$ cat model-v8.pdb   # PDB, C-alpha atoms
ATOM      1  CA  MET A 151       9.961 -16.129 -14.508
ATOM      2  CA  LEU A 152      11.417 -13.059 -16.237
ATOM      3  CA  ILE A 153      14.560 -12.838 -14.094
ATOM      4  CA  ASN A 154      18.284 -13.504 -14.271
ATOM      5  CA  VAL A 155      18.893 -15.145 -10.895
ATOM      6  CA  PRO A 156      16.851 -14.814  -7.692
ATOM      7  CA  GLU A 157      19.721 -13.166  -5.842
ATOM      8  CA  THR A 158      19.739 -10.078  -8.093
ATOM      9  CA  VAL A 159      16.001  -9.569  -8.666
ATOM     10  CA  VAL A 160      15.709  -6.444  -6.504
ATOM     11  CA  ALA A 161      18.949  -4.836  -7.703
ATOM     12  CA  ASP A 162      18.038  -5.505 -11.345
ATOM     13  CA  ALA A 163      14.633  -3.900 -10.846
ATOM     14  CA  LEU A 164      16.164  -0.848  -9.186
ATOM     15  CA  ARG A 165      18.594  -0.387 -12.066
ATOM     16  CA  GLY A 166      15.685  -0.520 -14.480
ATOM     17  CA  MET A 167      13.729   1.949 -12.400
ATOM     18  CA  ALA A 168      16.670   4.364 -12.361
ATOM     19  CA  ALA A 169      16.926   4.231 -16.151
ATOM     20  CA  ALA A 170      13.191   4.728 -16.684
ATOM     21  CA  HIS A 171      12.697   7.518 -14.132
ATOM     22  CA  PRO A 172      15.462  10.139 -14.100
ATOM     23  CA  GLU A 173      13.224  12.282 -11.878
ATOM     24  CA  LEU A 174      14.180   9.873  -9.070
ATOM     25  CA  THR A 175      17.510   9.248  -7.394
ATOM     26  CA  VAL A 176      17.831   5.468  -7.093
ATOM     27  CA  ASP A 177      20.652   4.198  -4.870
ATOM     28  CA  VAL A 178      20.887   0.597  -6.061
ATOM     29  CA  GLU A 179      23.623  -0.434  -3.640
ATOM     30  CA  ASN A 180      21.926   0.937  -0.525
ATOM     31  CA  ARG A 181      18.391   0.381  -1.826
ATOM     32  CA  VAL A 182      16.847   3.778  -1.321
ATOM     33  CA  ILE A 183      14.611   5.601  -3.831
ATOM     34  CA  VAL A 184      14.387   9.386  -3.369
ATOM     35  CA  ARG A 185      12.664  12.161  -5.307
ATOM     36  CA  ARG A 186      15.461  14.028  -7.070
ATOM     37  CA  ASP A 187      14.557  17.459  -5.639
ATOM     38  CA  ALA A 188      14.753  16.269  -2.026
ATOM     39  CA  PRO A 189      15.012  17.679   0.523
ATOM     40  CA  VAL A 190      12.279  20.194  -0.258
ATOM     41  CA  ALA A 191      12.677  23.288   1.907
ATOM     42  CA  GLY A 192      10.082  23.598   4.668
ATOM     43  CA  LYS A 193       8.330  20.366   3.702
ATOM     44  CA  VAL A 194       7.592  17.376   5.925
ATOM     45  CA  ALA A 195       9.188  14.323   4.296
ATOM     46  CA  LEU A 196       7.199  11.114   3.842
ATOM     47  CA  VAL A 197       9.181   7.875   3.944
ATOM     48  CA  SER A 198       7.782   4.379   3.536
ATOM     49  CA  GLY A 199       8.973   0.986   2.421
ATOM     50  CA  GLY A 200       8.613  -2.744   2.768
ATOM     51  CA  GLY A 201       9.453  -5.964   1.053
ATOM     52  CA  SER A 202       9.776  -5.950  -2.725
ATOM     53  CA  GLY A 203       7.133  -7.752  -4.751
ATOM     54  CA  HIS A 204       4.271  -5.315  -4.087
ATOM     55  CA  GLU A 205       5.089  -2.833  -6.849
ATOM     56  CA  PRO A 206       4.225  -0.087  -7.543
ATOM     57  CA  LEU A 207       4.006   0.132  -3.753
ATOM     58  CA  HIS A 208       6.221   1.789  -2.435
ATOM     59  CA  GLY A 209       8.943   2.895  -4.854
ATOM     60  CA  GLY A 210       6.448   3.644  -7.595
ATOM     61  CA  PHE A 211       4.803   6.224  -5.348
ATOM     62  CA  VAL A 212       7.880   8.418  -4.840
ATOM     63  CA  GLY A 213       7.494  11.906  -6.248
ATOM     64  CA  PRO A 214       5.594  15.189  -5.854
ATOM     65  CA  GLY A 215       2.282  14.655  -4.101
ATOM     66  CA  MET A 216       3.225  11.363  -2.429
ATOM     67  CA  LEU A 217       6.412   9.949  -0.912
ATOM     68  CA  ASP A 218       9.777  11.635  -0.640
ATOM     69  CA  ALA A 219      11.573   8.299  -0.343
ATOM     70  CA  ALA A 220      10.989   4.559  -0.276
ATOM     71  CA  CYS A 221      13.088   1.679   1.032
ATOM     72  CA  PRO A 222      12.689  -1.652  -0.808
ATOM     73  CA  GLY A 223      13.681  -4.800   1.057
ATOM     74  CA  GLU A 224      14.281  -8.218  -0.372
ATOM     75  CA  VAL A 225      11.199  -9.946  -1.767
ATOM     76  CA  PHE A 226       8.559 -10.079   0.988
ATOM     77  CA  THR A 227      11.217  -9.063   3.535
ATOM     78  CA  SER A 228      11.439  -5.851   5.525
ATOM     79  CA  PRO A 229      14.063  -3.269   4.636
ATOM     80  CA  VAL A 230      16.681  -2.678   7.325
ATOM     81  CA  PRO A 231      17.018   0.365   9.625
ATOM     82  CA  ASP A 232      20.069   1.678   7.763
ATOM     83  CA  GLN A 233      17.959   2.079   4.615
ATOM     84  CA  MET A 234      15.288   3.991   6.490
ATOM     85  CA  LEU A 235      17.867   6.219   8.179
ATOM     86  CA  ARG A 236      19.444   7.012   4.792
ATOM     87  CA  ALA A 237      16.012   7.893   3.435
ATOM     88  CA  ALA A 238      15.228  10.151   6.393
ATOM     89  CA  THR A 239      18.606  11.879   6.172
ATOM     90  CA  ALA A 240      18.254  12.417   2.413
ATOM     91  CA  THR A 241      14.782  13.951   2.646
ATOM     92  CA  ASP A 242      14.636  15.869   5.933
ATOM     93  CA  SER A 243      14.553  19.636   5.404
ATOM     94  CA  GLY A 244      14.244  20.379   9.108
ATOM     95  CA  ALA A 245      10.446  20.088   9.086
ATOM     96  CA  GLY A 246      10.508  16.440  10.207
ATOM     97  CA  VAL A 247       9.873  13.033   8.688
ATOM     98  CA  LEU A 248       6.753  10.867   8.742
ATOM     99  CA  PHE A 249       7.340   7.113   8.558
ATOM    100  CA  ILE A 250       4.394   5.234   7.023
ATOM    101  CA  VAL A 251       4.673   1.622   8.163
ATOM    102  CA  LYS A 252       2.515  -1.345   7.196
ATOM    103  CA  ASN A 253       1.752  -3.535  10.195
ATOM    104  CA  TYR A 254       4.145  -6.424   9.652
ATOM    105  CA  THR A 255       6.439  -7.447  12.478
ATOM    106  CA  GLY A 256       9.752  -6.884  10.674
ATOM    107  CA  ASP A 257       8.678  -3.526   9.240
ATOM    108  CA  VAL A 258       7.493  -2.273  12.625
ATOM    109  CA  LEU A 259      10.658  -3.305  14.442
ATOM    110  CA  ASN A 260      13.008  -1.900  11.815
ATOM    111  CA  PHE A 261      11.178   1.401  11.347
ATOM    112  CA  ASN A 262      11.062   1.881  15.129
ATOM    113  CA  MET A 263      14.804   1.342  15.306
ATOM    114  CA  ALA A 264      15.338   3.732  12.407
ATOM    115  CA  ALA A 265      13.232   6.380  14.160
ATOM    116  CA  GLU A 266      15.466   6.133  17.223
ATOM    117  CA  LEU A 267      18.588   6.429  15.058
ATOM    118  CA  ALA A 268      17.136   9.422  13.210
ATOM    119  CA  GLU A 269      16.263  11.197  16.437
ATOM    120  CA  ASP A 270      19.858  10.672  17.590
ATOM    121  CA  GLU A 271      20.799  12.755  14.532
ATOM    122  CA  ASP A 272      18.282  15.475  15.504
ATOM    123  CA  ILE A 273      15.722  14.468  12.872
ATOM    124  CA  GLN A 274      12.180  14.752  14.195
ATOM    125  CA  VAL A 275      10.245  11.593  13.323
ATOM    126  CA  ALA A 276       6.582  10.598  13.620
ATOM    127  CA  THR A 277       5.234   7.159  12.687
ATOM    128  CA  VAL A 278       1.842   6.034  11.388
ATOM    129  CA  LEU A 279       1.003   2.323  11.424
ATOM    130  CA  VAL A 280      -1.240   1.008   8.636
ATOM    131  CA  ASN A 281      -3.554  -1.802   9.787
ATOM    132  CA  ASP A 282      -6.611  -1.777   7.556
ATOM    133  CA  ASP A 283      -7.125  -5.470   6.664
ATOM    134  CA  VAL A 284     -10.337  -6.812   8.204
ATOM    135  CA  ALA A 285      -9.826 -10.416   7.089
ATOM    136  CA  VAL A 286      -7.853 -11.715  10.072
ATOM    137  CA  THR A 287      -6.224 -10.593  13.293
ATOM    138  CA  ASP A 288      -2.746 -11.871  14.224
ATOM    139  CA  SER A 289      -1.452 -13.502  11.047
ATOM    140  CA  LEU A 290       1.818 -15.247  10.231
ATOM    141  CA  PHE A 291       3.478 -11.859   9.746
ATOM    142  CA  THR A 292       1.686  -9.605  12.228
ATOM    143  CA  ALA A 293       0.443  -8.893  15.694
ATOM    144  CA  GLY A 294      -2.926  -7.318  14.978
ATOM    145  CA  ARG A 295      -4.331  -6.460  11.581
ATOM    146  CA  ARG A 296      -2.256  -6.410   8.410
ATOM    147  CA  GLY A 297      -1.478  -3.247   6.471
ATOM    148  CA  THR A 298      -2.657  -3.342   2.847
ATOM    149  CA  GLY A 299      -4.514  -1.044   0.445
ATOM    150  CA  ALA A 300      -4.992   1.875   2.846
ATOM    151  CA  THR A 301      -1.252   2.476   2.473
ATOM    152  CA  LEU A 302      -1.934   4.024  -0.935
ATOM    153  CA  PHE A 303      -4.642   6.289   0.460
ATOM    154  CA  ILE A 304      -2.365   7.445   3.297
ATOM    155  CA  GLU A 305       0.637   8.080   1.058
ATOM    156  CA  LYS A 306      -1.465  10.062  -1.429
ATOM    157  CA  ILE A 307      -3.502  12.139   1.017
ATOM    158  CA  ALA A 308      -0.739  12.802   3.554
ATOM    159  CA  GLY A 309       1.645  13.465   0.658
ATOM    160  CA  ALA A 310      -0.634  16.162  -0.737
ATOM    161  CA  LEU A 311      -0.934  17.791   2.668
ATOM    162  CA  ALA A 312       2.831  17.731   3.178
ATOM    163  CA  ASP A 313       3.317  19.363  -0.236
ATOM    164  CA  GLU A 314       1.089  22.222   0.971
ATOM    165  CA  GLY A 315       3.559  22.892   3.788
ATOM    166  CA  ALA A 316       1.513  21.534   6.702
ATOM    167  CA  PRO A 317       3.502  20.843   9.892
ATOM    168  CA  LEU A 318       4.459  17.337  10.982
ATOM    169  CA  ASP A 319       1.783  16.987  13.662
ATOM    170  CA  ARG A 320      -0.946  17.901  11.168
ATOM    171  CA  VAL A 321       0.364  15.528   8.478
ATOM    172  CA  GLU A 322       0.592  12.742  11.061
ATOM    173  CA  ALA A 323      -2.950  13.409  12.306
ATOM    174  CA  VAL A 324      -4.442  13.265   8.804
ATOM    175  CA  ALA A 325      -2.500  10.088   8.008
ATOM    176  CA  ARG A 326      -3.937   8.495  11.147
ATOM    177  CA  GLN A 327      -7.418   9.691  10.191
ATOM    178  CA  VAL A 328      -7.115   8.003   6.811
ATOM    179  CA  ASN A 329      -5.943   4.758   8.393
ATOM    180  CA  ASP A 330      -8.724   4.801  10.978
ATOM    181  CA  SER A 331     -11.275   5.485   8.212
ATOM    182  CA  SER A 332     -10.089   2.662   5.900
ATOM    183  CA  ARG A 333     -10.718  -1.075   5.690
ATOM    184  CA  SER A 334      -9.605  -3.734   3.162
ATOM    185  CA  PHE A 335     -10.325  -7.323   2.168
ATOM    186  CA  GLY A 336      -8.429  -9.444  -0.363
ATOM    187  CA  VAL A 337      -9.097 -12.595  -2.375
ATOM    188  CA  ALA A 338      -6.602 -14.940  -4.090
ATOM    189  CA  LEU A 339      -7.471 -16.938  -7.185
ATOM    190  CA  THR A 340      -3.974 -18.443  -7.506
ATOM    191  CA  SER A 341      -0.866 -18.750  -5.367
ATOM    192  CA  VAL A 342       2.037 -16.334  -5.575
ATOM    193  CA  THR A 343       5.341 -17.483  -7.090
ATOM    194  CA  THR A 344       8.453 -16.184  -5.328
ATOM    195  CA  PRO A 345      11.771 -15.892  -7.212
ATOM    196  CA  ALA A 346      13.647 -17.901  -4.594
ATOM    197  CA  LYS A 347      11.244 -20.832  -4.760
ATOM    198  CA  GLY A 348      10.431 -20.630  -8.450
ATOM    199  CA  GLY A 349       7.046 -22.227  -7.880
ATOM    200  CA  PRO A 350       3.804 -21.661  -5.966
ATOM    201  CA  ALA A 351       4.373 -20.447  -2.412
ATOM    202  CA  PHE A 352       1.296 -22.263  -1.129
ATOM    203  CA  ASP A 353      -1.120 -24.888  -2.375
ATOM    204  CA  LEU A 354      -4.328 -23.505  -3.855
ATOM    205  CA  PRO A 355      -5.940 -26.190  -5.994
ATOM    206  CA  ALA A 356      -7.532 -25.294  -9.307
ATOM    207  CA  GLY A 357     -11.171 -24.391  -8.871
ATOM    208  CA  GLU A 358     -10.683 -22.935  -5.361
ATOM    209  CA  LEU A 359     -10.007 -19.463  -3.968
ATOM    210  CA  GLU A 360      -8.811 -18.008  -0.668
ATOM    211  CA  LEU A 361     -11.014 -15.374   0.971
ATOM    212  CA  GLY A 362      -9.109 -12.842   3.050
ATOM    213  CA  ILE A 363      -5.639 -13.580   1.667
ATOM    214  CA  GLY A 364      -2.656 -11.493   2.797
ATOM    215  CA  ILE A 365      -0.301  -9.711   0.425
ATOM    216  CA  HIS A 366       2.445 -12.260   1.121
ATOM    217  CA  GLY A 367       0.138 -15.207   0.592
ATOM    218  CA  GLU A 368      -0.810 -15.547   4.260
ATOM    219  CA  PRO A 369      -3.977 -17.587   4.838
ATOM    220  CA  GLY A 370      -7.278 -15.740   4.998
ATOM    221  CA  ARG A 371     -10.623 -16.595   6.541
ATOM    222  CA  GLU A 372     -11.551 -19.628   4.475
ATOM    223  CA  ARG A 373     -11.234 -21.471   1.195
ATOM    224  CA  ARG A 374     -14.165 -22.051  -1.100
ATOM    225  CA  ALA A 375     -14.938 -23.390  -4.513
ATOM    226  CA  MET A 376     -14.423 -20.753  -7.199
ATOM    227  CA  MET A 377     -16.993 -17.961  -7.037
ATOM    228  CA  THR A 378     -18.236 -15.493  -9.623
ATOM    229  CA  SER A 379     -17.113 -11.878  -9.636
ATOM    230  CA  ARG A 380     -20.555 -10.953  -8.319
ATOM    231  CA  GLU A 381     -20.302 -13.401  -5.407
ATOM    232  CA  ILE A 382     -16.772 -12.280  -4.509
ATOM    233  CA  ALA A 383     -17.841  -8.630  -4.486
ATOM    234  CA  ASP A 384     -20.776  -9.413  -2.197
ATOM    235  CA  PHE A 385     -18.499 -11.231   0.254
ATOM    236  CA  ALA A 386     -15.570  -8.782   0.200
ATOM    237  CA  VAL A 387     -17.559  -5.559   0.339
ATOM    238  CA  ASP A 388     -19.834  -6.841   3.089
ATOM    239  CA  ALA A 389     -16.759  -7.843   5.132
ATOM    240  CA  VAL A 390     -15.399  -4.310   4.781
ATOM    241  CA  LEU A 391     -18.705  -2.555   5.474
ATOM    242  CA  GLU A 392     -19.448  -4.695   8.519
ATOM    243  CA  ASP A 393     -16.274  -3.370  10.123
ATOM    244  CA  LEU A 394     -16.105   0.160   8.685
ATOM    245  CA  GLN A 395     -19.809   1.081   8.905
ATOM    246  CA  PRO A 396     -19.423   4.316   6.895
ATOM    247  CA  ASN A 397     -21.953   7.106   7.287
ATOM    248  CA  GLY A 398     -20.841   9.157   4.296
ATOM    249  CA  PRO A 399     -19.108   8.940   0.923
ATOM    250  CA  VAL A 400     -16.124   6.646   0.439
ATOM    251  CA  LEU A 401     -12.999   6.419  -1.639
ATOM    252  CA  ALA A 402     -12.840   2.995  -3.277
ATOM    253  CA  LEU A 403      -9.706   1.150  -4.379
ATOM    254  CA  VAL A 404     -10.383  -1.913  -6.528
ATOM    255  CA  ASN A 405      -6.942  -3.433  -6.566
ATOM    256  CA  GLY A 406      -5.376  -6.271  -8.513
ATOM    257  CA  THR A 407      -2.809  -8.485  -6.827
ATOM    258  CA  GLY A 408      -0.485  -8.689  -9.830
ATOM    259  CA  ALA A 409      -1.766 -11.134 -12.429
ATOM    260  CA  THR A 410      -5.364  -9.991 -12.774
ATOM    261  CA  PRO A 411      -5.997  -8.159 -16.081
ATOM    262  CA  LEU A 412      -7.813  -4.849 -16.166
ATOM    263  CA  LEU A 413     -10.670  -6.408 -18.121
ATOM    264  CA  GLU A 414     -11.479  -8.530 -15.072
ATOM    265  CA  LEU A 415     -10.734  -5.763 -12.570
ATOM    266  CA  TYR A 416     -13.130  -3.333 -14.212
ATOM    267  CA  GLY A 417     -15.803  -6.022 -14.299
ATOM    268  CA  PHE A 418     -15.172  -6.668 -10.615
ATOM    269  CA  SER A 419     -15.289  -2.928  -9.956
ATOM    270  CA  ALA A 420     -18.763  -2.816 -11.500
ATOM    271  CA  GLU A 421     -19.859  -5.470  -9.005
ATOM    272  CA  VAL A 422     -18.278  -3.545  -6.118
ATOM    273  CA  GLN A 423     -20.203  -0.444  -7.197
ATOM    274  CA  ARG A 424     -23.394  -2.509  -7.351
ATOM    275  CA  VAL A 425     -22.963  -3.775  -3.781
ATOM    276  CA  LEU A 426     -22.208  -0.305  -2.455
ATOM    277  CA  ALA A 427     -25.270   1.110  -4.210
ATOM    278  CA  GLU A 428     -27.445  -1.661  -2.753
ATOM    279  CA  ARG A 429     -26.037  -0.898   0.708
ATOM    280  CA  LYS A 430     -26.695   2.818   0.098
ATOM    281  CA  VAL A 431     -23.024   3.796   0.441
ATOM    282  CA  PRO A 432     -22.167   6.738  -1.857
ATOM    283  CA  VAL A 433     -18.869   6.455  -3.747
ATOM    284  CA  ALA A 434     -16.958   9.710  -4.185
ATOM    285  CA  ARG A 435     -13.950   8.389  -6.144
ATOM    286  CA  THR A 436     -12.836   5.000  -7.502
ATOM    287  CA  LEU A 437      -9.335   3.860  -8.427
ATOM    288  CA  VAL A 438      -8.947   0.593 -10.358
ATOM    289  CA  GLY A 439      -5.688  -1.181 -11.121
ATOM    290  CA  ASN A 440      -2.727  -3.182  -9.853
ATOM    291  CA  TYR A 441      -1.338  -0.950  -7.103
ATOM    292  CA  VAL A 442      -0.663  -3.127  -4.043
ATOM    293  CA  THR A 443       0.427  -6.390  -5.589
ATOM    294  CA  SER A 444       1.777  -9.782  -4.602
ATOM    295  CA  LEU A 445       4.138 -10.621  -7.469
ATOM    296  CA  ASP A 446       2.170 -12.848  -9.895
ATOM    297  CA  MET A 447      -0.816 -13.693  -7.707
ATOM    298  CA  ALA A 448      -4.158 -13.587  -9.489
ATOM    299  CA  GLY A 449      -6.744 -11.985  -7.273
ATOM    300  CA  CYS A 450      -8.173  -8.722  -6.062
ATOM    301  CA  SER A 451      -8.786  -6.601  -3.016
ATOM    302  CA  VAL A 452     -11.231  -3.890  -2.025
ATOM    303  CA  THR A 453     -10.279  -0.918   0.132
ATOM    304  CA  LEU A 454     -12.818   1.664   1.244
ATOM    305  CA  CYS A 455     -12.039   4.924   3.050
ATOM    306  CA  GLN A 456     -14.718   7.155   4.488
ATOM    307  CA  ALA A 457     -13.692  10.557   3.177
ATOM    308  CA  ASP A 458     -14.781  14.039   4.222
ATOM    309  CA  GLU A 459     -14.394  17.100   1.982
ATOM    310  CA  GLU A 460     -10.833  17.743   3.128
ATOM    311  CA  LEU A 461      -9.681  14.200   2.406
ATOM    312  CA  LEU A 462     -11.315  14.335  -1.026
ATOM    313  CA  ARG A 463      -9.617  17.651  -1.770
ATOM    314  CA  LEU A 464      -6.241  16.150  -0.866
ATOM    315  CA  TRP A 465      -6.984  13.007  -2.877
ATOM    316  CA  ASP A 466      -7.727  15.140  -5.942
ATOM    317  CA  ALA A 467      -4.560  17.238  -5.538
ATOM    318  CA  PRO A 468      -1.895  16.812  -8.255
ATOM    319  CA  VAL A 469       0.459  13.850  -7.988
ATOM    320  CA  ARG A 470       3.404  12.912 -10.178
ATOM    321  CA  THR A 471       4.980   9.533  -9.472
ATOM    322  CA  PRO A 472       5.807   6.507 -11.640
ATOM    323  CA  GLY A 473       2.786   4.600 -10.361
ATOM    324  CA  LEU A 474       0.183   7.329  -9.860
ATOM    325  CA  ARG A 475      -0.198  10.678 -11.576
ATOM    326  CA  TRP A 476      -2.905  13.209 -12.270
ATOM    327  CA  GLY A 477      -3.487  16.962 -12.151
ATOM    328  CA  ALA A 478      -1.262  19.823 -13.279
TER     329      ALA A 478
END
$ encode --input "model-v8.pdb" --output "structure tokens"
Amino acid sequence: MLINVPETVVADALRGMAAAHPELTVDVENRVIVRRDAPVAGKVALVSGGGSGHEPLHGGFVGPGMLDAACPGEVFTSPVPDQMLRAATATDSGAGVLFIVKNYTGDVLNFNMAAELAEDEDIQVATVLVNDDVAVTDSLFTAGRRGTGATLFIEKIAGALADEGAPLDRVEAVARQVNDSSRSFGVALTSVTTPAKGGPAFDLPAGELELGIGIHGEPGRERRAMMTSREIADFAVDAVLEDLQPNGPVLALVNGTGATPLLELYGFSAEVQRVLAERKVPVARTLVGNYVTSLDMAGCSVTLCQADEELLRLWDAPVRTPGLRWGA
């Protein structure tokens, strides 16, 4: 592994991020990443975070058009309430703060505590829970469905709306709409390797894959012998469509889990597009790449979001972050 020692992995990464992105304020000691121009007058602040190891989520999505701040925890471990309170305090302009929280037990508990602490300091806080994974209900890390790829859709779309000056209740409502309109399914081709362990986190024999894997390596629906890209796309997209049942165009995220090269991801994306065309689901936009990762896991996930004209307009709006950027 390309590290010094496991104990400093997160701090080392934050120092590197600070050097590479002077447009961000990176507090290495307190582990908070903030857009340098925060707080932005009259703007609702978006704050998210979670365990490290899923980069560019969340720190790579801090900047105009997305998050105002992110709180990285230890690898696969929730950040603590003090981090979230620091982020809220650093970004609140008086218009309120929206916490975007993936549905993992530690994240939910700590963000809820941070919201209470922020309100004690007269910061208005709303919270949106991301729970888009259709693979399993009640996993090792969650009560209910896991939060995965829809997090990117929420941070981008709600971030664009907040940049337009929309009030907190409107930004919260659109974030909830995106979550309710999104579903995801992931597949692992190899195990993840955590810095602390230095080896595979779970046993996945060569020639097998895990259907419905979680972003921390949590078990999915079943294991099978290795499948082709075409077969995986059929299984994953059908699992998403069975639950989502869209009746209009969708945003599609074809996501790599960390170790899957773009050559394979684009080939897989072609198969995803084929399945959607066969199921007569129109695709409005497609994003392909490693965005919601699991360290060095080889694999992929599919996230679909049914998107109306307003959501598409906000998706297309300019964004300028380390991990996602387009527009003026």
$ closest_atom_pairs --input "model-v8.pdb" --of "region 186-229 of chain A" --to "region 274-298 of chain A" --cutoff "12 Å" --atoms "only C-alpha atoms" --output "Markdown table"
| residue | atom | partner | partner_atom | distance |
| --- | --- | --- | --- | --- |
| A:Val194 | CA | A:Val275 | CA | 9.8 |
| A:Ala195 | CA | A:Val275 | CA | 9.5 |
| A:Leu196 | CA | A:Ala276 | CA | 9.8 |
| A:Val197 | CA | A:Thr277 | CA | 9.6 |
| A:Ser198 | CA | A:Thr277 | CA | 9.9 |
| A:Gly199 | CA | A:Val280 | CA | 12.0 |
| A:Gly200 | CA | A:Gly297 | CA | 10.8 |
| A:His204 | CA | A:Thr298 | CA | 10.0 |
| A:Leu207 | CA | A:Thr298 | CA | 10.0 |
| A:His208 | CA | A:Thr298 | CA | 11.5 |
| A:Phe226 | CA | A:Phe291 | CA | 10.3 |
| A:Thr227 | CA | A:Phe291 | CA | 10.3 |
| A:Ser228 | CA | A:Phe291 | CA | 10.8 |
$ residues_around --input "model-v8.pdb" --residues "Ala240 (chain A)" --least-positions-apart "6" --cutoff "9 Å" --atoms "all atoms listed in the file" --output "short mmCIF file (atom, residue, chain, number, x, y, z; two decimals) with C-alpha atoms, in the frame of the given file"
data_model
loop_
_atom_site.label_atom_id
_atom_site.label_comp_id
_atom_site.auth_asym_id
_atom_site.auth_seq_id
_atom_site.Cartn_x
_atom_site.Cartn_y
_atom_site.Cartn_z
CA VAL A 184 14.39 9.39 -3.37
CA ALA A 188 14.75 16.27 -2.03
CA PRO A 189 15.01 17.68 0.52
CA ALA A 219 11.57 8.30 -0.34
#
$ resolve_selection --input "model-v8.pdb" --expression "the PyMOL selection byres ((chain A and resi 389) around 10)" --output "PyMOL selection string"
chain A and resi 284-285+333-335+362+383-388+390-394+452
$ resolve_selection --input "model-v8.pdb" --expression "the PyMOL selection byres ((chain A and resi 220) around 12)" --output "ChimeraX atom specification"
/A:164,174-177,180-185,195-202,205-213,216-219,221-223,228-230,233-238,240-241,248-251,305
$ resolve_selection --input "model-v8.pdb" --expression "the PyMOL selection byres ((chain A and resi 303) around 9)" --output "number ranges by chain"
A: 299-302, 304-308, 325, 328-329, 332, 401, 403, 455, 465
$ write_last_selection --input "model-v8.pdb" --atoms "C-alpha atoms" --output "PDB file, in the coordinates of the input"
ATOM      1  CA  GLY A 299      -4.514  -1.044   0.445  1.00  0.00           C
ATOM      2  CA  ALA A 300      -4.992   1.875   2.846  1.00  0.00           C
ATOM      3  CA  THR A 301      -1.252   2.476   2.473  1.00  0.00           C
ATOM      4  CA  LEU A 302      -1.934   4.024  -0.935  1.00  0.00           C
ATOM      5  CA  ILE A 304      -2.365   7.445   3.297  1.00  0.00           C
ATOM      6  CA  GLU A 305       0.637   8.080   1.058  1.00  0.00           C
ATOM      7  CA  LYS A 306      -1.465  10.062  -1.429  1.00  0.00           C
ATOM      8  CA  ILE A 307      -3.502  12.139   1.017  1.00  0.00           C
ATOM      9  CA  ALA A 308      -0.739  12.802   3.554  1.00  0.00           C
ATOM     10  CA  ALA A 325      -2.500  10.088   8.008  1.00  0.00           C
ATOM     11  CA  VAL A 328      -7.115   8.003   6.811  1.00  0.00           C
ATOM     12  CA  ASN A 329      -5.943   4.758   8.393  1.00  0.00           C
ATOM     13  CA  SER A 332     -10.089   2.662   5.900  1.00  0.00           C
ATOM     14  CA  LEU A 401     -12.999   6.419  -1.639  1.00  0.00           C
ATOM     15  CA  LEU A 403      -9.706   1.150  -4.379  1.00  0.00           C
ATOM     16  CA  CYS A 455     -12.039   4.924   3.050  1.00  0.00           C
ATOM     17  CA  TRP A 465      -6.984  13.007  -2.877  1.00  0.00           C
TER      18      TRP A 465
END
$ closest_atom_pairs --input "model-v8.pdb" --of "region 376-425 of chain A" --to "region 340-356 of chain A" --cutoff "12 Å" --atoms "all atoms listed in the file" --output "JSON lines"
{"residue": "A:Met376", "atom": "CA", "partner": "A:Ala356", "partner_atom": "CA", "distance": 8.5}
{"residue": "A:Thr407", "atom": "CA", "partner": "A:Val342", "partner_atom": "CA", "distance": 9.3}
{"residue": "A:Gly408", "atom": "CA", "partner": "A:Val342", "partner_atom": "CA", "distance": 9.1}
{"residue": "A:Ala409", "atom": "CA", "partner": "A:Thr340", "partner_atom": "CA", "distance": 9.1}
{"residue": "A:Thr410", "atom": "CA", "partner": "A:Thr340", "partner_atom": "CA", "distance": 10.1}
$ closest_residue --input "model-v8.pdb" --among "A:Asn253, A:Ala420, A:Leu413, A:Gly192" --to "Gly315 (chain A)" --atoms "all atoms listed in the file"
A:Gly192
$ closest_residue --input "model-v8.pdb" --among "A:Met447, A:Val321, A:Ala310, A:Ala268" --to "Arg470 (chain A)" --atoms "all atoms listed in the file"
A:Ala310
$ closest_residue --input "model-v8.pdb" --among "A:Val337, A:Leu318, A:Ala163, A:Ile365" --to "Leu445 (chain A)" --atoms "all atoms listed in the file"
A:Ile365
$ atom_distance --input "model-v8.pdb" --atom1 "CA of Pro231 (chain A)" --atom2 "CA of Gly256 (chain A)"
10.3 Å
$ closest_residue --input "model-v8.pdb" --among "A:Leu454, A:Val442, A:Leu259, A:Ala434" --to "Asp466 (chain A)" --atoms "only C-alpha atoms"
A:Ala434
